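final-v4.csv follows (CSV, C-alpha atoms):
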chain,number,residue,atom,x,y,z
A,132,MET,CA,-195.5,-91.0,27.5
A,133,MET,CA,-194.0,-93.6,29.9
A,134,MET,CA,-191.3,-91.2,30.8
A,135,LYS,CA,-193.8,-88.5,31.6
A,136,ARG,CA,-195.8,-90.9,33.8
A,137,SER,CA,-192.8,-91.9,35.8
A,138,TYR,CA,-191.9,-88.2,36.1
A,139,ASN,CA,-195.4,-87.4,37.4
A,140,LEU,CA,-195.1,-90.3,39.9
A,141,LEU,CA,-191.8,-89.0,41.1
A,142,LEU,CA,-193.4,-85.6,41.5
A,143,ILE,CA,-196.2,-87.1,43.6
A,144,VAL,CA,-193.7,-88.9,45.9
A,145,PHE,CA,-191.7,-85.7,46.1
A,146,LEU,CA,-194.8,-83.7,47.1
A,147,LEU,CA,-195.9,-86.4,49.6
A,148,PHE,CA,-192.6,-86.3,51.4
A,149,GLY,CA,-192.4,-82.5,51.6
A,150,GLY,CA,-190.3,-81.4,48.7
A,151,PHE,CA,-187.3,-79.2,49.7
A,152,GLY,CA,-188.6,-78.2,53.1
A,153,ALA,CA,-190.1,-74.8,52.4
A,154,LYS,CA,-190.4,-73.9,56.1
A,155,ALA,CA,-186.7,-73.6,56.6
A,156,SER,CA,-187.0,-69.8,56.4
A,157,GLY,CA,-189.7,-69.6,59.0
A,158,TYR,CA,-192.6,-68.8,56.8
A,159,ASN,CA,-195.0,-70.8,54.7
A,160,ALA,CA,-194.1,-70.6,51.1
A,161,ALA,CA,-195.8,-72.3,48.1
A,162,LYS,CA,-194.9,-76.0,47.8
A,163,PRO,CA,-191.5,-76.2,46.2
A,164,GLY,CA,-192.7,-79.4,44.6
A,165,ASP,CA,-195.1,-77.4,42.5
A,166,SER,CA,-194.3,-77.9,38.8
A,167,VAL,CA,-193.3,-74.7,36.9
A,168,TYR,CA,-196.7,-74.8,35.2
A,169,ALA,CA,-198.6,-75.3,38.5
A,170,ILE,CA,-196.9,-72.4,40.3
A,171,MET,CA,-197.2,-70.1,37.3
A,172,LYS,CA,-201.0,-70.8,37.2
A,173,LYS,CA,-201.2,-70.2,41.0
A,174,VAL,CA,-199.5,-66.8,40.7
A,175,ALA,CA,-201.4,-65.7,37.6
A,176,ASP,CA,-204.8,-66.8,39.1
A,177,TRP,CA,-204.0,-65.0,42.4
A,178,GLN,CA,-203.2,-61.8,40.5
A,179,TRP,CA,-206.4,-61.8,38.4
A,180,LYS,CA,-208.5,-62.6,41.4
A,181,LYS,CA,-206.9,-59.7,43.3
A,182,LEU,CA,-207.6,-57.3,40.5
A,183,GLU,CA,-211.2,-58.5,40.0
A,184,THR,CA,-212.0,-58.4,43.8
A,185,ASP,CA,-210.0,-55.4,45.0
A,186,GLY,CA,-209.8,-53.3,41.8
A,187,TRP,CA,-206.9,-51.8,40.0
A,188,LYS,CA,-204.3,-49.8,42.0
A,189,ASN,CA,-203.1,-47.9,38.9
A,190,PRO,CA,-204.7,-47.0,35.6
A,191,LYS,CA,-204.9,-50.0,33.2
A,192,THR,CA,-202.6,-48.2,30.8
A,193,ASP,CA,-199.9,-47.7,33.5
A,194,TRP,CA,-196.5,-49.2,33.0
A,195,THR,CA,-196.9,-51.4,36.2
A,196,ASN,CA,-199.9,-53.1,34.5
A,197,GLY,CA,-198.1,-53.0,31.1
A,198,VAL,CA,-195.3,-55.2,32.5
A,199,MET,CA,-197.9,-57.5,34.1
A,200,TYR,CA,-199.5,-58.0,30.7
A,201,THR,CA,-196.2,-59.0,29.1
A,202,GLY,CA,-196.0,-61.8,31.7
A,203,MET,CA,-199.7,-62.7,31.3
A,204,MET,CA,-199.1,-62.9,27.5
A,205,ALA,CA,-196.3,-65.3,28.0
A,206,TRP,CA,-198.5,-67.3,30.4
A,207,SER,CA,-201.5,-67.2,28.0
A,208,LYS,CA,-199.4,-68.9,25.3
A,209,ILE,CA,-198.8,-71.9,27.4
A,210,ALA,CA,-202.0,-72.0,29.5
A,211,ARG,CA,-204.2,-74.8,28.6
A,212,ASN,CA,-207.3,-72.7,27.7
A,213,ASP,CA,-208.0,-69.3,26.1
A,214,SER,CA,-209.5,-67.7,29.2
A,215,TYR,CA,-206.3,-65.7,29.9
A,216,TYR,CA,-206.2,-64.2,26.4
A,217,LYS,CA,-209.9,-63.2,27.0
A,218,LYS,CA,-209.0,-61.4,30.2
A,219,LEU,CA,-206.4,-59.4,28.3
A,220,ILE,CA,-208.8,-58.7,25.4
A,221,ASP,CA,-211.3,-57.4,28.0
A,222,VAL,CA,-208.6,-55.0,29.3
A,223,GLY,CA,-208.0,-53.8,25.7
A,224,ASN,CA,-211.7,-53.4,25.1
A,225,SER,CA,-212.2,-51.4,28.3
A,226,LEU,CA,-209.6,-49.0,27.1
A,227,ASN,CA,-210.8,-48.8,23.5
A,228,TRP,CA,-207.3,-50.1,22.7
A,229,LYS,CA,-205.7,-46.7,23.5
A,230,ILE,CA,-202.3,-46.3,25.0
A,231,GLY,CA,-201.7,-44.0,28.0
A,232,PRO,CA,-202.2,-40.3,28.0
A,233,ASP,CA,-198.6,-39.1,27.6
A,234,ARG,CA,-198.2,-40.4,24.2
A,235,HIS,CA,-194.4,-40.2,23.7
A,236,PHE,CA,-193.7,-41.4,27.3
A,237,ALA,CA,-192.4,-45.0,27.2
A,238,ASP,CA,-194.3,-45.9,30.4
A,239,ASP,CA,-197.5,-45.0,28.7
A,240,TYR,CA,-197.0,-47.3,25.7
A,241,CYS,CA,-195.6,-50.3,27.5
A,242,ILE,CA,-199.2,-51.7,27.1
A,243,ALA,CA,-198.6,-51.7,23.3
A,244,GLN,CA,-196.5,-54.9,23.7
A,245,MET,CA,-199.7,-56.7,24.6
A,246,TYR,CA,-201.8,-54.9,21.9
A,247,ALA,CA,-199.4,-55.9,19.1
A,248,GLN,CA,-199.1,-59.5,20.3
A,249,LEU,CA,-202.8,-59.9,20.5
A,250,TYR,CA,-203.1,-58.3,17.0
A,251,GLY,CA,-200.7,-61.0,15.8
A,252,ILE,CA,-203.1,-63.7,17.1
A,253,TYR,CA,-206.5,-62.2,16.4
A,254,LYS,CA,-205.8,-59.8,13.5
A,255,ASN,CA,-208.2,-57.2,14.7
A,256,PRO,CA,-206.9,-53.8,13.3
A,257,LEU,CA,-208.5,-51.9,16.2
A,258,TYR,CA,-206.0,-53.5,18.6
A,259,ILE,CA,-203.0,-51.6,17.1
A,260,ALA,CA,-204.7,-48.5,15.5
A,261,ASP,CA,-204.0,-46.0,18.3
A,262,PHE,CA,-200.5,-47.3,19.0
A,263,LYS,CA,-199.6,-47.3,15.3
A,264,SER,CA,-200.5,-43.7,14.9
A,265,MET,CA,-198.3,-42.8,17.9
A,266,ALA,CA,-195.5,-45.0,16.5
A,267,ASP,CA,-195.7,-43.2,13.2
A,268,SER,CA,-195.2,-39.9,15.0
A,269,LEU,CA,-192.3,-41.4,17.0
A,270,VAL,CA,-190.6,-42.5,13.8
A,271,ALA,CA,-191.1,-38.9,12.4
A,272,ALA,CA,-189.8,-37.1,15.5
A,273,PRO,CA,-186.1,-35.9,15.3
A,274,HIS,CA,-185.0,-37.2,18.8
A,275,THR,CA,-182.1,-34.8,19.0
A,276,GLU,CA,-182.5,-33.7,22.6
A,277,PRO,CA,-179.7,-34.7,25.1
A,278,LEU,CA,-180.8,-37.2,27.7
A,279,LEU,CA,-179.9,-35.2,30.8
A,280,TRP,CA,-182.6,-35.7,33.5
A,281,VAL,CA,-184.1,-32.2,33.2
A,282,ASN,CA,-187.2,-30.6,31.7
A,283,LYS,CA,-189.3,-33.8,31.9
A,284,ILE,CA,-187.1,-35.3,29.2
A,285,TYR,CA,-188.6,-38.7,30.0
A,286,LEU,CA,-191.9,-37.6,28.3
A,287,ARG,CA,-190.0,-37.4,25.0
A,288,GLU,CA,-186.9,-39.6,25.1
A,289,TRP,CA,-185.8,-42.9,26.7
A,290,ALA,CA,-183.7,-41.0,29.2
A,291,TRP,CA,-183.9,-43.6,32.0
A,292,CYS,CA,-182.9,-47.3,31.8
A,293,ASP,CA,-186.4,-48.7,32.7
A,294,ALA,CA,-187.6,-47.2,29.4
A,295,LEU,CA,-185.7,-49.9,27.5
A,296,TYR,CA,-188.3,-52.4,28.8
A,297,MET,CA,-191.3,-50.1,28.3
A,298,GLY,CA,-190.7,-48.7,24.9
A,299,PRO,CA,-188.6,-50.7,22.3
A,300,ALA,CA,-190.5,-54.1,22.4
A,301,GLY,CA,-193.8,-52.4,21.6
A,302,LEU,CA,-192.2,-51.0,18.4
A,303,SER,CA,-190.4,-54.3,17.5
A,304,ASN,CA,-193.6,-56.3,18.0
A,305,LEU,CA,-195.4,-53.7,15.8
A,306,SER,CA,-192.8,-54.3,13.1
A,307,LYS,CA,-193.3,-58.0,13.4
A,308,VAL,CA,-197.1,-58.0,13.0
A,309,THR,CA,-197.3,-55.3,10.4
A,310,GLY,CA,-194.2,-56.3,8.4
A,311,ASN,CA,-193.0,-52.7,8.5
A,312,PRO,CA,-189.3,-52.5,9.5
A,313,GLN,CA,-189.3,-48.8,10.3
A,314,TYR,CA,-190.7,-49.3,13.8
A,315,LEU,CA,-188.0,-51.8,14.7
A,316,ASN,CA,-185.3,-49.6,13.1
A,317,GLN,CA,-186.5,-46.6,15.2
A,318,ALA,CA,-186.4,-48.8,18.3
A,319,CYS,CA,-182.8,-49.7,17.6
A,320,LYS,CA,-181.8,-46.1,16.9
A,321,LEU,CA,-183.3,-45.0,20.2
A,322,TRP,CA,-181.9,-48.0,22.0
A,323,TRP,CA,-178.3,-47.1,21.1
A,324,LYS,CA,-178.9,-43.4,21.9
A,325,THR,CA,-179.9,-44.4,25.5
A,326,SER,CA,-177.2,-47.1,25.7
A,327,ASP,CA,-174.5,-44.7,24.7
A,328,TYR,CA,-175.6,-42.4,27.5
A,329,LEU,CA,-176.4,-44.7,30.4
A,330,TYR,CA,-174.3,-47.8,29.8
A,331,ASP,CA,-171.1,-48.1,31.9
A,332,ASN,CA,-168.6,-49.7,29.6
A,333,ASN,CA,-166.3,-50.7,32.4
A,334,GLU,CA,-168.9,-52.2,34.7
A,335,HIS,CA,-171.2,-53.6,31.9
A,336,LEU,CA,-174.2,-52.2,33.7
A,337,PHE,CA,-176.7,-49.4,33.2
A,338,PHE,CA,-177.2,-46.3,35.3
A,339,ARG,CA,-180.8,-45.6,36.0
A,340,ASP,CA,-180.6,-42.0,34.7
A,341,SER,CA,-178.1,-39.1,34.7
A,342,ARG,CA,-178.7,-38.3,38.4
A,343,TYR,CA,-176.9,-41.5,39.4
A,344,PHE,CA,-173.7,-40.9,37.4
A,345,THR,CA,-171.9,-39.5,40.5
A,346,GLN,CA,-173.8,-41.2,43.4
A,347,LYS,CA,-172.2,-43.8,45.5
A,348,GLU,CA,-173.5,-46.7,47.7
A,349,LYS,CA,-172.5,-47.0,51.4
A,350,ASN,CA,-169.6,-49.2,50.4
A,351,GLY,CA,-168.3,-46.6,47.9
A,352,LYS,CA,-169.4,-48.4,44.8
A,353,LYS,CA,-171.5,-46.9,42.0
A,354,VAL,CA,-175.2,-47.2,42.2
A,355,PHE,CA,-176.5,-49.8,39.9
A,356,TRP,CA,-180.1,-50.8,40.6
A,357,SER,CA,-181.1,-54.4,40.3
A,358,ARG,CA,-184.6,-54.0,38.8
A,359,GLY,CA,-183.3,-51.2,36.5
A,360,ASN,CA,-180.8,-53.5,34.9
A,361,GLY,CA,-183.4,-56.2,34.9
A,362,TRP,CA,-185.6,-53.9,32.8
A,363,VAL,CA,-182.7,-53.5,30.3
A,364,ILE,CA,-181.8,-57.1,29.8
A,365,ALA,CA,-185.4,-58.3,29.7
A,366,GLY,CA,-186.3,-55.5,27.3
A,367,LEU,CA,-183.4,-56.5,25.2
A,368,VAL,CA,-184.7,-60.1,25.0
A,369,ASN,CA,-188.2,-58.9,24.1
A,370,VAL,CA,-186.7,-57.0,21.2
A,371,LEU,CA,-184.3,-59.8,20.1
A,372,GLN,CA,-187.1,-62.4,20.0
A,373,THR,CA,-189.1,-60.3,17.5
A,374,MET,CA,-186.2,-59.3,15.4
A,375,PRO,CA,-185.4,-60.9,12.1
A,376,ASN,CA,-181.9,-62.3,11.7
A,377,THR,CA,-181.4,-60.1,8.7
A,378,ASN,CA,-181.6,-56.9,10.8
A,379,ALA,CA,-178.2,-55.2,11.0
A,380,ASN,CA,-178.6,-54.4,14.7
A,381,LYS,CA,-179.0,-58.0,15.8
A,382,THR,CA,-175.3,-58.9,16.2
A,383,LYS,CA,-174.5,-55.7,18.1
A,384,LEU,CA,-177.5,-56.2,20.4
A,385,ILE,CA,-176.5,-59.8,21.1
A,386,LYS,CA,-173.0,-58.7,21.9
A,387,GLN,CA,-174.4,-56.3,24.5
A,388,TYR,CA,-176.8,-58.9,25.8
A,389,LYS,CA,-173.9,-61.3,26.4
A,390,GLU,CA,-171.9,-58.6,28.2
A,391,LEU,CA,-174.8,-57.8,30.5
A,392,ALA,CA,-175.6,-61.5,31.1
A,393,GLN,CA,-172.0,-62.3,32.1
A,394,LYS,CA,-171.8,-59.4,34.5
A,395,ILE,CA,-175.3,-60.0,36.0
A,396,ALA,CA,-174.6,-63.8,36.5
A,397,SER,CA,-171.4,-62.9,38.4
A,398,LEU,CA,-173.5,-60.7,40.9
A,399,GLN,CA,-176.0,-63.4,41.9
A,400,GLN,CA,-176.1,-63.7,45.7
A,401,PRO,CA,-175.8,-67.0,47.6
A,402,ASP,CA,-179.6,-67.0,48.2
A,403,GLY,CA,-180.1,-67.2,44.4
A,404,THR,CA,-181.4,-63.7,44.0
A,405,TRP,CA,-180.0,-60.3,43.1
A,406,HIS,CA,-180.5,-57.8,45.9
A,407,ALA,CA,-181.8,-54.3,45.2
A,408,SER,CA,-178.3,-52.8,44.8
A,409,LEU,CA,-176.1,-54.9,42.5
A,410,LEU,CA,-172.7,-53.7,43.8
A,411,ASP,CA,-173.7,-53.2,47.4
A,412,PRO,CA,-175.9,-56.2,48.3
A,413,GLU,CA,-174.9,-56.0,52.0
A,414,SER,CA,-176.8,-52.7,52.4
A,415,TYR,CA,-180.0,-54.4,51.1
A,416,PRO,CA,-179.6,-57.9,52.5
A,417,VAL,CA,-183.1,-59.2,51.7
A,418,LYS,CA,-183.8,-60.9,48.4
A,419,GLU,CA,-185.8,-59.0,45.8
A,420,THR,CA,-188.1,-60.8,43.3
A,421,SER,CA,-188.8,-58.2,40.5
A,422,GLY,CA,-185.2,-57.8,39.5
A,423,THR,CA,-184.5,-61.5,40.1
A,424,GLY,CA,-187.5,-62.5,37.9
A,425,LEU,CA,-186.3,-60.3,35.1
A,426,PHE,CA,-182.8,-61.6,35.3
A,427,CYS,CA,-184.0,-65.2,35.5
A,428,TYR,CA,-186.2,-64.7,32.4
A,429,ALA,CA,-183.5,-63.0,30.3
A,430,LEU,CA,-180.7,-65.5,31.2
A,431,THR,CA,-182.9,-68.6,30.7
A,432,TRP,CA,-184.0,-67.2,27.3
A,433,GLY,CA,-180.3,-67.0,26.3
A,434,ILE,CA,-179.7,-70.6,27.3
A,435,ASN,CA,-182.9,-71.7,25.4
A,436,HIS,CA,-181.7,-69.9,22.3
A,437,ASN,CA,-178.1,-71.2,22.4
A,438,ILE,CA,-176.7,-67.7,23.0
A,439,LEU,CA,-175.5,-68.5,26.5
A,440,PRO,CA,-173.6,-71.7,27.4
A,441,ARG,CA,-176.0,-74.0,29.2
A,442,LYS,CA,-173.3,-75.4,31.5
A,443,LYS,CA,-172.3,-72.0,32.9
A,444,TYR,CA,-175.8,-70.4,33.1
A,445,ALA,CA,-178.2,-73.2,33.9
A,446,PRO,CA,-177.1,-73.4,37.6
A,447,VAL,CA,-177.6,-69.6,37.9
A,448,VAL,CA,-181.1,-69.7,36.6
A,449,LYS,CA,-182.1,-72.8,38.6
A,450,ARG,CA,-180.9,-71.1,41.8
A,451,ALA,CA,-182.9,-68.0,40.8
A,452,TRP,CA,-186.0,-70.0,40.1
A,453,VAL,CA,-185.9,-71.8,43.5
A,454,ALA,CA,-185.5,-68.4,45.2
A,455,LEU,CA,-188.5,-67.0,43.2
A,456,THR,CA,-190.8,-69.9,43.9
A,457,SER,CA,-189.9,-69.8,47.6
A,458,SER,CA,-191.1,-66.2,47.6
A,459,VAL,CA,-194.7,-67.3,46.7
A,460,HIS,CA,-197.2,-67.4,49.5
A,461,PRO,CA,-199.4,-70.6,49.7
A,462,ASP,CA,-202.3,-68.7,48.1
A,463,GLY,CA,-200.2,-67.6,45.1
A,464,LYS,CA,-199.3,-64.1,46.1
A,465,LEU,CA,-195.7,-63.3,45.1
A,466,GLY,CA,-193.7,-61.6,47.9
A,467,TYR,CA,-190.4,-59.7,48.1
A,468,VAL,CA,-191.3,-57.3,45.2
A,469,GLN,CA,-189.6,-54.0,45.7
A,470,PRO,CA,-192.2,-51.2,45.6
A,471,ILE,CA,-192.2,-48.6,42.8
A,472,GLY,CA,-189.0,-46.5,42.9
A,473,ALA,CA,-186.0,-45.4,41.0
A,474,SER,CA,-183.2,-46.9,43.1
A,475,PRO,CA,-182.5,-49.7,45.6
A,476,GLU,CA,-184.9,-49.9,48.6
A,477,LYS,CA,-185.9,-52.2,51.4
A,478,VAL,CA,-188.4,-55.0,50.7
A,479,SER,CA,-190.3,-57.8,52.7
A,480,PHE,CA,-192.1,-61.1,52.1
A,481,ASP,CA,-195.5,-59.3,52.1
A,482,ASP,CA,-194.5,-56.7,49.4
A,483,THR,CA,-196.1,-57.5,46.1
A,484,GLU,CA,-196.7,-55.6,42.9
A,485,VAL,CA,-198.2,-56.5,39.5
A,486,TYR,CA,-195.0,-55.9,37.6
A,487,GLY,CA,-193.2,-58.5,39.9
A,488,VAL,CA,-195.9,-61.0,38.8
A,489,GLY,CA,-195.2,-60.1,35.2
A,490,ALA,CA,-191.5,-60.8,35.7
A,491,PHE,CA,-192.2,-64.1,37.5
A,492,LEU,CA,-194.4,-65.3,34.7
A,493,LEU,CA,-191.8,-64.4,32.1
A,494,ALA,CA,-189.2,-66.3,34.0
A,495,GLY,CA,-191.5,-69.3,34.4
A,496,SER,CA,-192.3,-69.4,30.7
A,497,GLU,CA,-188.6,-69.8,29.9
A,498,MET,CA,-187.9,-72.2,32.8
A,499,LEU,CA,-190.7,-74.4,31.4
A,500,LYS,CA,-188.8,-74.6,28.1
A,501,LEU,CA,-185.5,-75.2,29.8
A,502,ASN,CA,-187.0,-78.1,31.8
A,503,ASN,CA,-188.5,-79.6,28.6
A,504,THR,CA,-185.1,-79.5,26.8
A,505,ASN,CA,-183.5,-81.0,29.9
A,506,ASN,CA,-185.9,-83.9,29.7
A,507,HIS,CA,-185.0,-84.5,26.1
A,508,HIS,CA,-181.3,-84.5,26.6

Kindly return the structure encoded in the file as structure tokens.
Amino acid sequence: MMMKRSYNLLLIVFLLFGGFGAKASGYNAAKPGDSVYAIMKKVADWQWKKLETDGWKNPKTDWTNGVMYTGMMAWSKIARNDSYYKKLIDVGNSLNWKIGPDRHFADDYCIAQMYAQLYGIYKNPLYIADFKSMADSLVAAPHTEPLLWVNKIYLREWAWCDALYMGPAGLSNLSKVTGNPQYLNQACKLWWKTSDYLYDNNEHLFFRDSRYFTQKEKNGKKVFWSRGNGWVIAGLVNVLQTMPNTNANKTKLIKQYKELAQKIASLQQPDGTWHASLLDPESYPVKETSGTGLFCYALTWGINHNILPRKKYAPVVKRAWVALTSSVHPDGKLGYVQPIGASPEKVSFDDTEVYGVGAFLLAGSEMLKLNNTNNHH
């Protein structure tokens, strides 16, 4: 307790004397002295208030919101009251716990990650009934089509790398809460199908979809999109953390996770972020928080689970977290979130999106654990 009090005292002194000097970049960011918990709360509260006052930009079943819910679930688990769970249950109730309209489209069942996690807490069968019926049909489907980006393949298969965040974790969470391994096994089968197609074994990065196989950036390098690879490694973490150690896929998935982690860490920019294009950061010189948030989350998770060496990766995630928190406006709005797209694009301090907030909250949830273990060492 004494240690905690002196820590809080230090924090007060730190805040009084201006923290790290947030105004260095010429704008007014959130106080860098905010604790991880305080800044997560500020960002989460800003987002809910925005939705409640201005309305929802996209349908509540849309992937953009689905990603936000995954971050809000991570925040709800550490928030000091149940009001955040209640907000998510209100969302589910308003949708009758249905997934999106295109039932085999991964974007339209990203929301199921929240449904399954809430079912794990509250045990209300309605929460997973609709998703479970879709998951049963997904398990029964043959999945023999090639993944070439034609004929709206994305409505039936995980033919683009973002799908590896949207789809698999809903299934792995469903396996966890129902005790039925077939959903997780199907998720792994489809993961490897997509990985075999989109993963570049030389670069240890994922192409967004087949259209990018031959495209080049201005500097002549291959096009590897920051947020796209963020979707993959964060999606991988979301599957791994629901996966029993006895599952035969786990070792292979961890091997891929480590390959991705090593490559991604090596591409971090001096400003602590990953720019929109991983191999051509100069063409997109501004930081980007959605990809950075996903990378920060996934790498910190690996440290916290003793999969990545702390000594090598802790400095990477700490730089990333400083960059993320310096992108928060004083009122809690998260900036520098690249708008919806499929490839690298320009971004500014005023650009925000709900999925960026989801990524930020996921990153914060792991940074909080990392800081707690640091205090105990």

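Using only C-alpha atoms, the smallest distance between any of A:Gly487, A:Pro401, A:Gly422, A:Pro416 and Val363 of chain A comes from A:Gly422.
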
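We find atom CA of Val222 of chain A and atom CA of Gly361 of chain A to be spaced 25.8 Å apart.
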
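What separates atom CA of Tyr258 of chain A from atom CA of Gly223 of chain A is a distance of 7.4 Å.
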
List the spatial neighbours of Gly310 of chain A as a PDB file with C-alpha atoms, keeping the file's coordinate frame - criterion: any atom at most 12 Å away, all atoms listed in the file, same-chain residues fewer than 3 positions off excluded.
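Below you can see selection_17.pdb, which holds the result:
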ATOM      1  CA  ALA A 247    -199.400 -55.900  19.100  1.00  0.00           C
ATOM      2  CA  GLY A 251    -200.700 -61.000  15.800  1.00  0.00           C
ATOM      3  CA  LEU A 302    -192.200 -51.000  18.400  1.00  0.00           C
ATOM      4  CA  SER A 303    -190.400 -54.300  17.500  1.00  0.00           C
ATOM      5  CA  ASN A 304    -193.600 -56.300  18.000  1.00  0.00           C
ATOM      6  CA  LEU A 305    -195.400 -53.700  15.800  1.00  0.00           C
ATOM      7  CA  SER A 306    -192.800 -54.300  13.100  1.00  0.00           C
ATOM      8  CA  LYS A 307    -193.300 -58.000  13.400  1.00  0.00           C
ATOM      9  CA  GLN A 313    -189.300 -48.800  10.300  1.00  0.00           C
ATOM     10  CA  TYR A 314    -190.700 -49.300  13.800  1.00  0.00           C
ATOM     11  CA  LEU A 315    -188.000 -51.800  14.700  1.00  0.00           C
ATOM     12  CA  THR A 373    -189.100 -60.300  17.500  1.00  0.00           C
ATOM     13  CA  MET A 374    -186.200 -59.300  15.400  1.00  0.00           C
ATOM     14  CA  PRO A 375    -185.400 -60.900  12.100  1.00  0.00           C
TER      15      PRO A 375
END

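When only C-alpha atoms are used to measure the gap to Gly403 of chain A, the shortest distance among A:His436, A:Arg450, A:Lys181, A:Arg211 belongs to A:Arg450.
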
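Separating atom CA of Tyr467 of chain A from atom CA of Cys427 of chain A is a distance of 15.2 Å.
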
Long-range neighbours of segment 390-396 of chain A as a PyMOL selection string, 12 Å cut-off, all atoms listed in the file, 6 positions minimum in chain: chain A and resi 326+330-337+355-365+367-368+383-384+403-406+408-410+422-423+425-434+438-440+443-451

I need the chosen residues saved as a short mmCIF file (atom, residue, chain, number, x, y, z; two decimals), in the frame of the given file, with C-alpha atoms.
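This is the output file selection-v2.cif:
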data_model
loop_
_atom_site.label_atom_id
_atom_site.label_comp_id
_atom_site.auth_asym_id
_atom_site.auth_seq_id
_atom_site.Cartn_x
_atom_site.Cartn_y
_atom_site.Cartn_z
CA SER A 326 -177.20 -47.10 25.70
CA TYR A 330 -174.30 -47.80 29.80
CA ASP A 331 -171.10 -48.10 31.90
CA ASN A 332 -168.60 -49.70 29.60
CA ASN A 333 -166.30 -50.70 32.40
CA GLU A 334 -168.90 -52.20 34.70
CA HIS A 335 -171.20 -53.60 31.90
CA LEU A 336 -174.20 -52.20 33.70
CA PHE A 337 -176.70 -49.40 33.20
CA PHE A 355 -176.50 -49.80 39.90
CA TRP A 356 -180.10 -50.80 40.60
CA SER A 357 -181.10 -54.40 40.30
CA ARG A 358 -184.60 -54.00 38.80
CA GLY A 359 -183.30 -51.20 36.50
CA ASN A 360 -180.80 -53.50 34.90
CA GLY A 361 -183.40 -56.20 34.90
CA TRP A 362 -185.60 -53.90 32.80
CA VAL A 363 -182.70 -53.50 30.30
CA ILE A 364 -181.80 -57.10 29.80
CA ALA A 365 -185.40 -58.30 29.70
CA LEU A 367 -183.40 -56.50 25.20
CA VAL A 368 -184.70 -60.10 25.00
CA LYS A 383 -174.50 -55.70 18.10
CA LEU A 384 -177.50 -56.20 20.40
CA GLY A 403 -180.10 -67.20 44.40
CA THR A 404 -181.40 -63.70 44.00
CA TRP A 405 -180.00 -60.30 43.10
CA HIS A 406 -180.50 -57.80 45.90
CA SER A 408 -178.30 -52.80 44.80
CA LEU A 409 -176.10 -54.90 42.50
CA LEU A 410 -172.70 -53.70 43.80
CA GLY A 422 -185.20 -57.80 39.50
CA THR A 423 -184.50 -61.50 40.10
CA LEU A 425 -186.30 -60.30 35.10
CA PHE A 426 -182.80 -61.60 35.30
CA CYS A 427 -184.00 -65.20 35.50
CA TYR A 428 -186.20 -64.70 32.40
CA ALA A 429 -183.50 -63.00 30.30
CA LEU A 430 -180.70 -65.50 31.20
CA THR A 431 -182.90 -68.60 30.70
CA TRP A 432 -184.00 -67.20 27.30
CA GLY A 433 -180.30 -67.00 26.30
CA ILE A 434 -179.70 -70.60 27.30
CA ILE A 438 -176.70 -67.70 23.00
CA LEU A 439 -175.50 -68.50 26.50
CA PRO A 440 -173.60 -71.70 27.40
CA LYS A 443 -172.30 -72.00 32.90
CA TYR A 444 -175.80 -70.40 33.10
CA ALA A 445 -178.20 -73.20 33.90
CA PRO A 446 -177.10 -73.40 37.60
CA VAL A 447 -177.60 -69.60 37.90
CA VAL A 448 -181.10 -69.70 36.60
CA LYS A 449 -182.10 -72.80 38.60
CA ARG A 450 -180.90 -71.10 41.80
CA ALA A 451 -182.90 -68.00 40.80
#

Spatial neighbours of Asp482 of chain A, max dist 8 Å, only C-alpha atoms, sep filter under 4 positions, as a PyMOL selection string: chain A and resi 465-470+478

Test item: residues at most 10 Å from Lys229 of chain A, only C-alpha atoms, excluding those fewer than 3 positions along its chain, as a PyMOL selection string: chain A and resi 192+223-226+232+234+239-240+242-243+246+257-262

File dump, residues just selected, C-alpha atoms, as a short mmCIF file (atom, residue, chain, number, x, y, z; two decimals), in the coordinates of the input:
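That gives us again.cif:
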data_model
loop_
_atom_site.label_atom_id
_atom_site.label_comp_id
_atom_site.auth_asym_id
_atom_site.auth_seq_id
_atom_site.Cartn_x
_atom_site.Cartn_y
_atom_site.Cartn_z
CA THR A 192 -202.60 -48.20 30.80
CA GLY A 223 -208.00 -53.80 25.70
CA ASN A 224 -211.70 -53.40 25.10
CA SER A 225 -212.20 -51.40 28.30
CA LEU A 226 -209.60 -49.00 27.10
CA PRO A 232 -202.20 -40.30 28.00
CA ARG A 234 -198.20 -40.40 24.20
CA ASP A 239 -197.50 -45.00 28.70
CA TYR A 240 -197.00 -47.30 25.70
CA ILE A 242 -199.20 -51.70 27.10
CA ALA A 243 -198.60 -51.70 23.30
CA TYR A 246 -201.80 -54.90 21.90
CA LEU A 257 -208.50 -51.90 16.20
CA TYR A 258 -206.00 -53.50 18.60
CA ILE A 259 -203.00 -51.60 17.10
CA ALA A 260 -204.70 -48.50 15.50
CA ASP A 261 -204.00 -46.00 18.30
CA PHE A 262 -200.50 -47.30 19.00
#

Exercise: Lys173 of chain A partners within 10 Å, all atoms listed in the file, chain neighbours under 3 positions left out, as a PyMOL selection string: chain A and resi 161+165+167-170+176-178+459-465

Restricting the output to C-alpha atoms, write the selected residues as a short mmCIF file (atom, residue, chain, number, x, y, z; two decimals), in the frame of the given file.
data_model
loop_
_atom_site.label_atom_id
_atom_site.label_comp_id
_atom_site.auth_asym_id
_atom_site.auth_seq_id
_atom_site.Cartn_x
_atom_site.Cartn_y
_atom_site.Cartn_z
CA ALA A 161 -195.80 -72.30 48.10
CA ASP A 165 -195.10 -77.40 42.50
CA VAL A 167 -193.30 -74.70 36.90
CA TYR A 168 -196.70 -74.80 35.20
CA ALA A 169 -198.60 -75.30 38.50
CA ILE A 170 -196.90 -72.40 40.30
CA ASP A 176 -204.80 -66.80 39.10
CA TRP A 177 -204.00 -65.00 42.40
CA GLN A 178 -203.20 -61.80 40.50
CA VAL A 459 -194.70 -67.30 46.70
CA HIS A 460 -197.20 -67.40 49.50
CA PRO A 461 -199.40 -70.60 49.70
CA ASP A 462 -202.30 -68.70 48.10
CA GLY A 463 -200.20 -67.60 45.10
CA LYS A 464 -199.30 -64.10 46.10
CA LEU A 465 -195.70 -63.30 45.10
#
